[in-house]
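In what follows, a single structure is set out as structure tokens and then discussed.
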Amino acid sequence: MKIALVSSHADPGGFTIHEALLSLLATPHEPYSLERHELFHHRVRGRLIYQDHLDRDMDADLIIFLSRHSSVNPVPVLTVHVTGNISGAEFGGMERSLAPAAPAWMHAVLRGLAGNAPPGYRVAYEVTHHGPSELTTPSLFVEVGSTEKEWRDETAGLAVARSVLSADPADCIPLIGFGGTHYAARQTHIALNSRGAFGHIAHTREVPSLDAGMVRQMLEKTGAVAAYIDKKAIPGKDLSHLDALLAGCNVMTLTEGDLNHFGGLSWETYQKILALARECVPGCSVTLHGQCPEGEPVVINVDSVLLDEAWKCNQGEFLKRLDRLPLVRLSTRKKPVWPSFITIGENSGNVLHDLISLCVNIIRRGEITFVAGDHLTICRHRFDPDRARDLGIPPGPLYGQLMNGCPVRIGDREITPEMVRTRSEKRIHIPALEKFL
């Protein structure tokens with residue numbers, strides 16, 4: 001692979017990074033990851049943001065721009081982003097035109113920056129916001145900012161240089177992003193903690209102006225398979241517009257939870273999971289929980305009564321413990337958990353055992369139960385207002401005391417909670433129940 005390292009004579013930040021690169025490469029060292037590729041340095045005289053068509057006569061497979069970063073609210077920061085203009089072209093490039101992204105390389109460099117950043121420096125993606133836009137070669141900007149002090153900081157330059165030289169793209173999930181501020185905080189967090197790798201990211205203020213053409217261009221120029229939306233950063237009316245736009249373009253969205261649980265799952269296997277989920281429960285949503293290994297997805301089924309009782313007993317604990325199991329939960333708007341789950345075939349027996357055990361133990365901790373053979377019986381006592389009225393207790397505060405387990409007095413009589421309770425039993429058949437206790 002041929003990689004061009006591009007900097008400008010007019011850019012002090014890029015100059016510092018470039019000199020740090022030369023210094024590291026000239027010093028005896030173990031080979032850097034980037035040295036597996038054919039590297040060449042290219043210097044320009046003008047500002048990098050105006051270098052449209054730079055690659056026209058450049059034989060490169062990837063361009064890494066080494067640059068300064070400036071901001072109206074300057075903070076020490078190391079950033080990475082792809083270029084282009086989602087709307088206007090205030091700082092180079094063409095309006096509504098995007099450069100091809102290299103999301104896996106950006107992901108690798110960002111992670112390197114996080115590991116190498118000097119104390120006091122923030123690390124972040126930047127949203128798509130300046131030129132050059134007219135390129136045909138995938139590219140990325142890596143920058144040091146945000147003032148002259150940081151641009152000439154040799155320690156920061158070395159940190160960026162090491163991050164670039166050590167970049168070794170892994171198997172990522174290429175994404176486009178929507179929402180957030182200039183430094184794309186949620187997208188940065190996701191990339192640093194998952195395989196989610198962003199290309200073009202639209203700032204919150206850009207969302208109202210988006211149309212199908214721009215969404216498709218973001219997808220194409222990123223090579224994205226899905227989108228991530230920072231929903232907390234986008235106003236309701238704009239979020240509705242974006243949801244409709246992505247649905248109209250048939251763009252899949254992934255949540256932060258999905259990305260955190262992706263593990264080593266390939267995109268092809270995830271697509272198989274989606275197809276299997278739609279076959280089981282048409283129109284359902286899927287939620288990844290514990291990390292599934294690679295393999296052939298299969299459906300496992302849990303007794304619906306057992307599942308419903310565990311869910312009613314303690315929803316929070318159920319979901320928390322579900323995150324420890326390598327499976328996929330199916331849900332609809334009216335039913336947050338269906339008795340059909342998806343996991344990988346080789347693990348299906350163990351996962352089903354653990355899922356049944358999870359349900360049984362949540363119920364036993366939260367309810368009065370007893371076990372007889374292969375049957376788990378749930379005993380429940382409920383306050384019965386009809387019994388209370390028959391005993392002359394008027395509706396009101398006395399009902400509350402009885403429901404809280406406190407006796408009350410009506411004239412000379414003491415009414416105990418047991419006197420106004422009804423008892424019910426629910427019996428669930430669980431083959432080989434003893435294995436799950």
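Chain lettering (A, B, ...) mirrors the order of the structure tokens, residue numbering begins at 1 for each chain separately, and ligand numbering begins at 1 in order of display.
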
Compile the contact shell of A:Ala104 as an mmCIF file with N, CA and C atoms, in the first residue's frame: residues with an atom at most 9 Å away, counting only C-alpha atoms, same-chain residues fewer than 3 positions apart removed.
data_model
loop_
_atom_site.group_PDB
_atom_site.id
_atom_site.type_symbol
_atom_site.label_atom_id
_atom_site.label_comp_id
_atom_site.auth_asym_id
_atom_site.auth_seq_id
_atom_site.Cartn_x
_atom_site.Cartn_y
_atom_site.Cartn_z
ATOM 1 N N HIS A 107 -9.742 5.160 12.854
ATOM 2 C CA HIS A 107 -9.956 4.437 14.111
ATOM 3 C C HIS A 107 -8.614 4.070 14.742
ATOM 4 N N ALA A 108 -7.699 3.543 13.933
ATOM 5 C CA ALA A 108 -6.390 3.137 14.443
ATOM 6 C C ALA A 108 -5.587 4.337 14.941
ATOM 7 N N VAL A 109 -5.602 5.437 14.179
ATOM 8 C CA VAL A 109 -4.858 6.632 14.591
ATOM 9 C C VAL A 109 -5.463 7.230 15.859
ATOM 10 N N ASP A 168 -2.338 0.528 12.808
ATOM 11 C CA ASP A 168 -2.474 -0.800 12.218
ATOM 12 C C ASP A 168 -3.960 -1.152 12.209
ATOM 13 N N PRO A 169 -4.672 -0.777 11.161
ATOM 14 C CA PRO A 169 -6.127 -0.946 11.148
ATOM 15 C C PRO A 169 -6.553 -2.392 11.417
ATOM 16 N N ALA A 170 -7.576 -2.520 12.267
ATOM 17 C CA ALA A 170 -8.129 -3.827 12.603
ATOM 18 C C ALA A 170 -9.455 -4.016 11.872
ATOM 19 N N ASP A 171 -10.117 -5.116 12.170
ATOM 20 C CA ASP A 171 -11.428 -5.392 11.579
ATOM 21 C C ASP A 171 -12.462 -4.502 12.252
ATOM 22 N N CYS A 172 -12.866 -3.448 11.581
ATOM 23 C CA CYS A 172 -13.761 -2.451 12.162
ATOM 24 C C CYS A 172 -15.152 -2.515 11.542
ATOM 25 N N ILE A 173 -16.069 -1.791 12.155
ATOM 26 C CA ILE A 173 -17.415 -1.620 11.620
ATOM 27 C C ILE A 173 -17.509 -0.182 11.131
ATOM 28 N N PRO A 174 -17.422 0.066 9.830
ATOM 29 C CA PRO A 174 -17.423 1.448 9.324
ATOM 30 C C PRO A 174 -18.790 2.100 9.454
ATOM 31 N N GLY A 196 -16.430 0.152 16.396
ATOM 32 C CA GLY A 196 -17.095 1.190 15.622
ATOM 33 C C GLY A 196 -16.089 2.210 15.113
ATOM 34 N N ALA A 197 -16.002 2.356 13.782
ATOM 35 C CA ALA A 197 -15.023 3.253 13.163
ATOM 36 C C ALA A 197 -15.761 4.254 12.284
ATOM 37 N N PHE A 198 -15.659 5.524 12.627
ATOM 38 C CA PHE A 198 -16.424 6.548 11.920
ATOM 39 C C PHE A 198 -15.649 7.148 10.767
ATOM 40 N N GLY A 199 -16.408 7.493 9.735
ATOM 41 C CA GLY A 199 -15.893 8.298 8.643
ATOM 42 C C GLY A 199 -16.511 9.676 8.776
#

Step one, run DSSP on the backbone; step two, keep only residues of stretch 217-391 of chain A assigned to alpha helix (DSSP H); then write them as a compact mmCIF listing (two decimals) with C-alpha atoms, in the first residue's frame.
# COMPACT_ATOMS: atom_id res chain seq x y z
CA GLN A 217 -22.91 10.52 -0.13
CA MET A 218 -21.84 10.11 3.51
CA LEU A 219 -22.44 6.37 3.24
CA GLU A 220 -20.66 6.00 -0.08
CA LYS A 221 -17.65 8.15 0.78
CA THR A 222 -17.24 6.36 4.12
CA GLY A 236 -36.84 16.12 18.86
CA LYS A 237 -38.07 17.61 15.58
CA ASP A 238 -34.64 17.23 13.97
CA LEU A 239 -34.37 13.67 15.27
CA SER A 240 -37.72 12.80 13.66
CA HIS A 241 -36.47 14.27 10.39
CA LEU A 242 -33.25 12.24 10.61
CA ASP A 243 -35.03 8.98 11.53
CA ALA A 244 -37.36 9.35 8.55
CA LEU A 245 -34.44 10.22 6.27
CA LEU A 246 -32.39 7.17 7.28
CA ALA A 247 -35.42 4.89 7.01
CA GLY A 248 -36.12 6.25 3.53
CA GLU A 256 -23.72 2.32 21.46
CA GLY A 257 -24.81 -0.84 23.29
CA ASP A 258 -24.83 -2.81 20.04
CA LEU A 259 -21.32 -1.65 19.21
CA ASN A 260 -20.00 -2.36 22.71
CA TRP A 267 -20.76 -8.06 9.78
CA GLU A 268 -21.87 -11.04 7.68
CA THR A 269 -22.84 -13.00 10.79
CA TYR A 270 -24.69 -9.99 12.16
CA GLN A 271 -26.67 -9.81 8.92
CA LYS A 272 -27.58 -13.49 9.35
CA ILE A 273 -28.73 -12.73 12.90
CA LEU A 274 -30.97 -9.93 11.62
CA ALA A 275 -32.50 -12.20 8.97
CA LEU A 276 -33.14 -14.93 11.53
CA ALA A 277 -34.67 -12.41 13.95
CA ARG A 278 -37.07 -11.09 11.32
CA GLU A 279 -38.07 -14.66 10.49
CA CYS A 280 -38.85 -15.36 14.16
CA SER A 304 -42.71 -17.93 27.86
CA VAL A 305 -44.32 -18.12 31.33
CA LEU A 306 -40.92 -18.57 33.01
CA LEU A 307 -39.51 -15.64 31.05
CA ASP A 308 -42.48 -13.35 31.76
CA GLU A 309 -42.31 -14.08 35.49
CA ALA A 310 -38.57 -13.34 35.63
CA TRP A 311 -39.08 -10.11 33.66
CA LYS A 312 -41.92 -8.95 35.95
CA CYS A 313 -39.92 -9.85 39.01
CA GLN A 315 -36.39 -6.12 34.88
CA GLY A 316 -33.20 -4.27 35.79
CA GLU A 317 -31.42 -7.34 37.14
CA PHE A 318 -32.67 -9.43 34.21
CA LEU A 319 -31.10 -7.07 31.63
CA LYS A 320 -27.91 -6.65 33.65
CA ARG A 321 -27.36 -10.39 33.90
CA LEU A 322 -28.37 -10.88 30.27
CA SER A 348 -26.55 -22.85 22.15
CA GLY A 349 -26.85 -25.63 24.76
CA ASN A 350 -24.80 -23.80 27.39
CA VAL A 351 -26.45 -20.46 26.66
CA LEU A 352 -29.95 -21.94 26.97
CA HIS A 353 -28.97 -23.55 30.28
CA ASP A 354 -27.62 -20.24 31.60
CA LEU A 355 -30.69 -18.35 30.40
CA ILE A 356 -33.11 -20.72 32.14
CA SER A 357 -30.95 -20.61 35.27
CA LEU A 358 -31.00 -16.81 35.17
CA CYS A 359 -34.82 -16.78 35.04
CA VAL A 360 -35.22 -19.37 37.80
CA ASN A 361 -32.86 -17.63 40.19
CA ILE A 362 -34.32 -14.16 39.64
CA ILE A 363 -37.77 -15.56 40.47
CA ARG A 364 -36.54 -17.44 43.53
CA ARG A 365 -34.83 -14.34 44.93
CA GLY A 366 -37.84 -12.10 44.33
CA PRO A 385 -60.04 -4.89 48.77
CA ASP A 386 -63.24 -6.98 48.71
CA ARG A 387 -62.21 -8.79 51.90
CA ALA A 388 -61.26 -5.48 53.47
CA ARG A 389 -64.68 -4.00 52.69
CA ASP A 390 -66.41 -7.12 54.04

Please provide the set of residues having any atom within 9 Å of A:Arg56, restricted to only C-alpha atoms, with same-chain residues fewer than 3 positions apart removed, written as a ChimeraX atom specification.
/A:53,59,135-137

Take the selection from the previous step and output its residues with N, CA and C atoms, as a short mmCIF file (atom, residue, chain, number, x, y, z; two decimals), in the first residue's frame.
data_model
loop_
_atom_site.label_atom_id
_atom_site.label_comp_id
_atom_site.auth_asym_id
_atom_site.auth_seq_id
_atom_site.Cartn_x
_atom_site.Cartn_y
_atom_site.Cartn_z
N HIS A 53 -7.96 18.19 -5.46
CA HIS A 53 -7.31 17.50 -6.60
C HIS A 53 -5.82 17.25 -6.36
N ASP A 59 0.50 9.08 -6.93
CA ASP A 59 0.27 7.64 -6.93
C ASP A 59 0.21 7.15 -5.49
N LEU A 135 -11.23 15.04 -3.75
CA LEU A 135 -10.20 14.02 -3.80
C LEU A 135 -10.85 12.71 -4.22
N THR A 136 -10.08 11.83 -4.80
CA THR A 136 -10.57 10.50 -5.12
C THR A 136 -9.88 9.43 -4.27
N THR A 137 -8.82 9.81 -3.59
CA THR A 137 -8.08 8.89 -2.73
C THR A 137 -8.56 9.01 -1.30
#

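Compared by their closest atoms to A:Val144, and using only C-alpha atoms, the residues A:Val75, A:Ala60, A:Ala227, A:Ile415 rank with A:Val75 nearest.
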
Using only C-alpha atoms, determine which residues lie at most 10 Å from A:Ala117, disregarding the query and same-chain residues fewer than 4 positions distant; provide the list as a VMD selection string.
chain A and resid 77 to 78 112 to 113 121 to 123 155 to 160 162 to 163

I need the residues from that last selection saved to file as a short mmCIF file (atom, residue, chain, number, x, y, z; two decimals), in the first residue's frame (with N, CA and C atoms), if you can.
data_model
loop_
_atom_site.label_atom_id
_atom_site.label_comp_id
_atom_site.auth_asym_id
_atom_site.auth_seq_id
_atom_site.Cartn_x
_atom_site.Cartn_y
_atom_site.Cartn_z
N VAL A 77 -5.44 19.75 22.14
CA VAL A 77 -6.20 18.64 21.59
C VAL A 77 -5.46 17.99 20.43
N LEU A 78 -5.63 16.69 20.31
CA LEU A 78 -5.13 15.92 19.17
C LEU A 78 -6.35 15.31 18.50
N GLY A 112 -4.37 5.35 18.75
CA GLY A 112 -2.98 5.66 19.02
C GLY A 112 -2.82 6.98 19.74
N LEU A 113 -3.57 7.99 19.31
CA LEU A 113 -3.54 9.29 19.97
C LEU A 113 -3.93 9.17 21.43
N TYR A 121 -3.73 16.97 27.16
CA TYR A 121 -4.26 16.98 25.80
C TYR A 121 -5.50 16.10 25.71
N ARG A 122 -6.52 16.64 25.08
CA ARG A 122 -7.73 15.88 24.78
C ARG A 122 -7.54 15.17 23.44
N VAL A 123 -8.25 14.06 23.25
CA VAL A 123 -8.21 13.31 21.99
C VAL A 123 -9.63 13.20 21.45
N THR A 155 6.62 17.64 22.08
CA THR A 155 6.08 16.45 22.74
C THR A 155 4.77 16.02 22.07
N ALA A 156 3.92 17.01 21.77
CA ALA A 156 2.66 16.71 21.09
C ALA A 156 2.93 16.20 19.67
N GLY A 157 3.91 16.83 18.99
CA GLY A 157 4.26 16.37 17.64
C GLY A 157 4.73 14.93 17.64
N LEU A 158 5.55 14.56 18.64
CA LEU A 158 6.02 13.18 18.74
C LEU A 158 4.86 12.22 19.01
N ALA A 159 3.90 12.66 19.84
CA ALA A 159 2.75 11.81 20.15
C ALA A 159 1.94 11.51 18.89
N VAL A 160 1.74 12.55 18.07
CA VAL A 160 1.00 12.35 16.82
C VAL A 160 1.81 11.48 15.87
N ARG A 162 4.07 9.19 16.53
CA ARG A 162 4.05 7.78 16.98
C ARG A 162 2.70 7.14 16.66
N SER A 163 1.62 7.90 16.84
CA SER A 163 0.28 7.36 16.58
C SER A 163 0.10 7.03 15.11
#

Just to confirm, what's the straight-line distance from atom CA of A:Ser7 to atom CA of A:His41 in Å (one decimal)?
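Going from atom CA of A:Ser7 over to atom CA of A:His41 covers 8.0 Å.
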
If you run DSSP over the backbone, which residues in stretch 170-383 of chain A end up strand (DSSP E or B)? Put them as a VMD selection string.
chain A and resid 173 to 178 196 to 202 226 to 229 253 285 to 288 297 to 301 328 to 331 340 to 344 368 to 372 375 to 383

Let's have the selection written as an mmCIF file, in the first residue's frame, with C-alpha atoms.
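out29.cif was written with the following content:
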data_model
loop_
_atom_site.group_PDB
_atom_site.id
_atom_site.type_symbol
_atom_site.label_atom_id
_atom_site.label_comp_id
_atom_site.auth_asym_id
_atom_site.auth_seq_id
_atom_site.Cartn_x
_atom_site.Cartn_y
_atom_site.Cartn_z
ATOM 1 C CA ILE A 173 -17.415 -1.620 11.620
ATOM 2 C CA PRO A 174 -17.423 1.448 9.324
ATOM 3 C CA LEU A 175 -20.054 3.981 10.354
ATOM 4 C CA ILE A 176 -21.392 7.416 9.627
ATOM 5 C CA GLY A 177 -22.365 9.561 12.601
ATOM 6 C CA PHE A 178 -24.974 12.173 13.383
ATOM 7 C CA GLY A 196 -17.095 1.190 15.622
ATOM 8 C CA ALA A 197 -15.023 3.253 13.163
ATOM 9 C CA PHE A 198 -16.424 6.548 11.920
ATOM 10 C CA GLY A 199 -15.893 8.298 8.643
ATOM 11 C CA HIS A 200 -18.124 11.300 7.978
ATOM 12 C CA ILE A 201 -19.867 12.787 11.009
ATOM 13 C CA ALA A 202 -22.551 15.488 10.824
ATOM 14 C CA ALA A 226 -24.632 1.508 9.288
ATOM 15 C CA ALA A 227 -25.182 4.788 11.110
ATOM 16 C CA TYR A 228 -24.921 5.901 14.726
ATOM 17 C CA ILE A 229 -27.093 8.731 16.076
ATOM 18 C CA THR A 253 -28.707 2.294 12.776
ATOM 19 C CA SER A 285 -35.630 -4.974 16.993
ATOM 20 C CA VAL A 286 -32.479 -6.825 18.051
ATOM 21 C CA THR A 287 -30.209 -6.041 20.981
ATOM 22 C CA LEU A 288 -26.777 -7.610 21.352
ATOM 23 C CA PRO A 297 -26.601 -18.185 14.471
ATOM 24 C CA VAL A 298 -29.447 -20.314 15.826
ATOM 25 C CA VAL A 299 -32.662 -19.687 17.753
ATOM 26 C CA ILE A 300 -33.099 -20.856 21.345
ATOM 27 C CA ASN A 301 -36.488 -20.749 23.044
ATOM 28 C CA VAL A 328 -29.296 -11.511 21.062
ATOM 29 C CA ARG A 329 -32.623 -10.345 22.506
ATOM 30 C CA LEU A 330 -35.624 -9.743 20.261
ATOM 31 C CA SER A 331 -38.099 -7.026 21.187
ATOM 32 C CA SER A 340 -36.964 -16.549 21.365
ATOM 33 C CA PHE A 341 -33.296 -15.569 21.577
ATOM 34 C CA ILE A 342 -30.454 -15.962 19.074
ATOM 35 C CA THR A 343 -26.985 -17.233 19.828
ATOM 36 C CA ILE A 344 -24.196 -19.071 18.019
ATOM 37 C CA ILE A 368 -41.938 -16.997 47.564
ATOM 38 C CA THR A 369 -41.354 -20.264 45.730
ATOM 39 C CA PHE A 370 -41.087 -23.967 46.327
ATOM 40 C CA VAL A 371 -39.744 -26.774 44.180
ATOM 41 C CA ALA A 372 -41.295 -30.178 43.669
ATOM 42 C CA HIS A 375 -42.100 -27.864 38.887
ATOM 43 C CA LEU A 376 -41.330 -24.408 40.230
ATOM 44 C CA THR A 377 -44.332 -22.985 42.075
ATOM 45 C CA ILE A 378 -44.598 -19.248 42.707
ATOM 46 C CA CYS A 379 -46.768 -18.310 45.706
ATOM 47 C CA ARG A 380 -48.123 -14.804 45.832
ATOM 48 C CA HIS A 381 -50.183 -12.994 48.447
ATOM 49 C CA ARG A 382 -52.165 -9.987 47.326
ATOM 50 C CA PHE A 383 -54.207 -7.414 49.200
#

Need the shell around A:Gly263: protein/DNA/RNA residues with any atom at most 9 Å away, counting only C-alpha atoms. Skip same-chain ones fewer than 4 positions apart. Format as an mmCIF file with N, CA and C atoms, in the first residue's frame?
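around.cif, freshly written:
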data_model
loop_
_atom_site.group_PDB
_atom_site.id
_atom_site.type_symbol
_atom_site.label_atom_id
_atom_site.label_comp_id
_atom_site.auth_asym_id
_atom_site.auth_seq_id
_atom_site.Cartn_x
_atom_site.Cartn_y
_atom_site.Cartn_z
ATOM 1 N N SER A 194 -14.781 0.267 21.171
ATOM 2 C CA SER A 194 -15.428 -0.761 20.357
ATOM 3 C C SER A 194 -14.796 -0.797 18.972
ATOM 4 N N ARG A 195 -15.368 -1.626 18.113
ATOM 5 C CA ARG A 195 -14.901 -1.707 16.726
ATOM 6 C C ARG A 195 -15.584 -0.685 15.835
ATOM 7 N N LEU A 259 -22.733 -1.704 19.586
ATOM 8 C CA LEU A 259 -21.323 -1.646 19.213
ATOM 9 C C LEU A 259 -20.420 -2.165 20.334
ATOM 10 N N GLY A 290 -24.181 -10.083 25.786
ATOM 11 C CA GLY A 290 -22.793 -10.536 25.871
ATOM 12 C C GLY A 290 -22.234 -10.833 24.494
ATOM 13 N N GLN A 291 -20.942 -10.786 24.342
ATOM 14 C CA GLN A 291 -20.312 -10.868 23.024
ATOM 15 C C GLN A 291 -20.386 -12.279 22.444
ATOM 16 N N CYS A 292 -21.073 -12.394 21.316
ATOM 17 C CA CYS A 292 -21.188 -13.685 20.625
ATOM 18 C C CYS A 292 -19.918 -13.963 19.827
ATOM 19 N N PRO A 293 -19.435 -15.206 19.861
ATOM 20 C CA PRO A 293 -18.305 -15.550 18.993
ATOM 21 C C PRO A 293 -18.781 -15.689 17.552
#

Using only C-alpha atoms for the distances, tell me which of A:Asn85, A:Ile49, A:Ala101, A:Thr255 is nearest to A:His203.
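Checking each candidate against A:His203, we get A:Asn85 as the closest.
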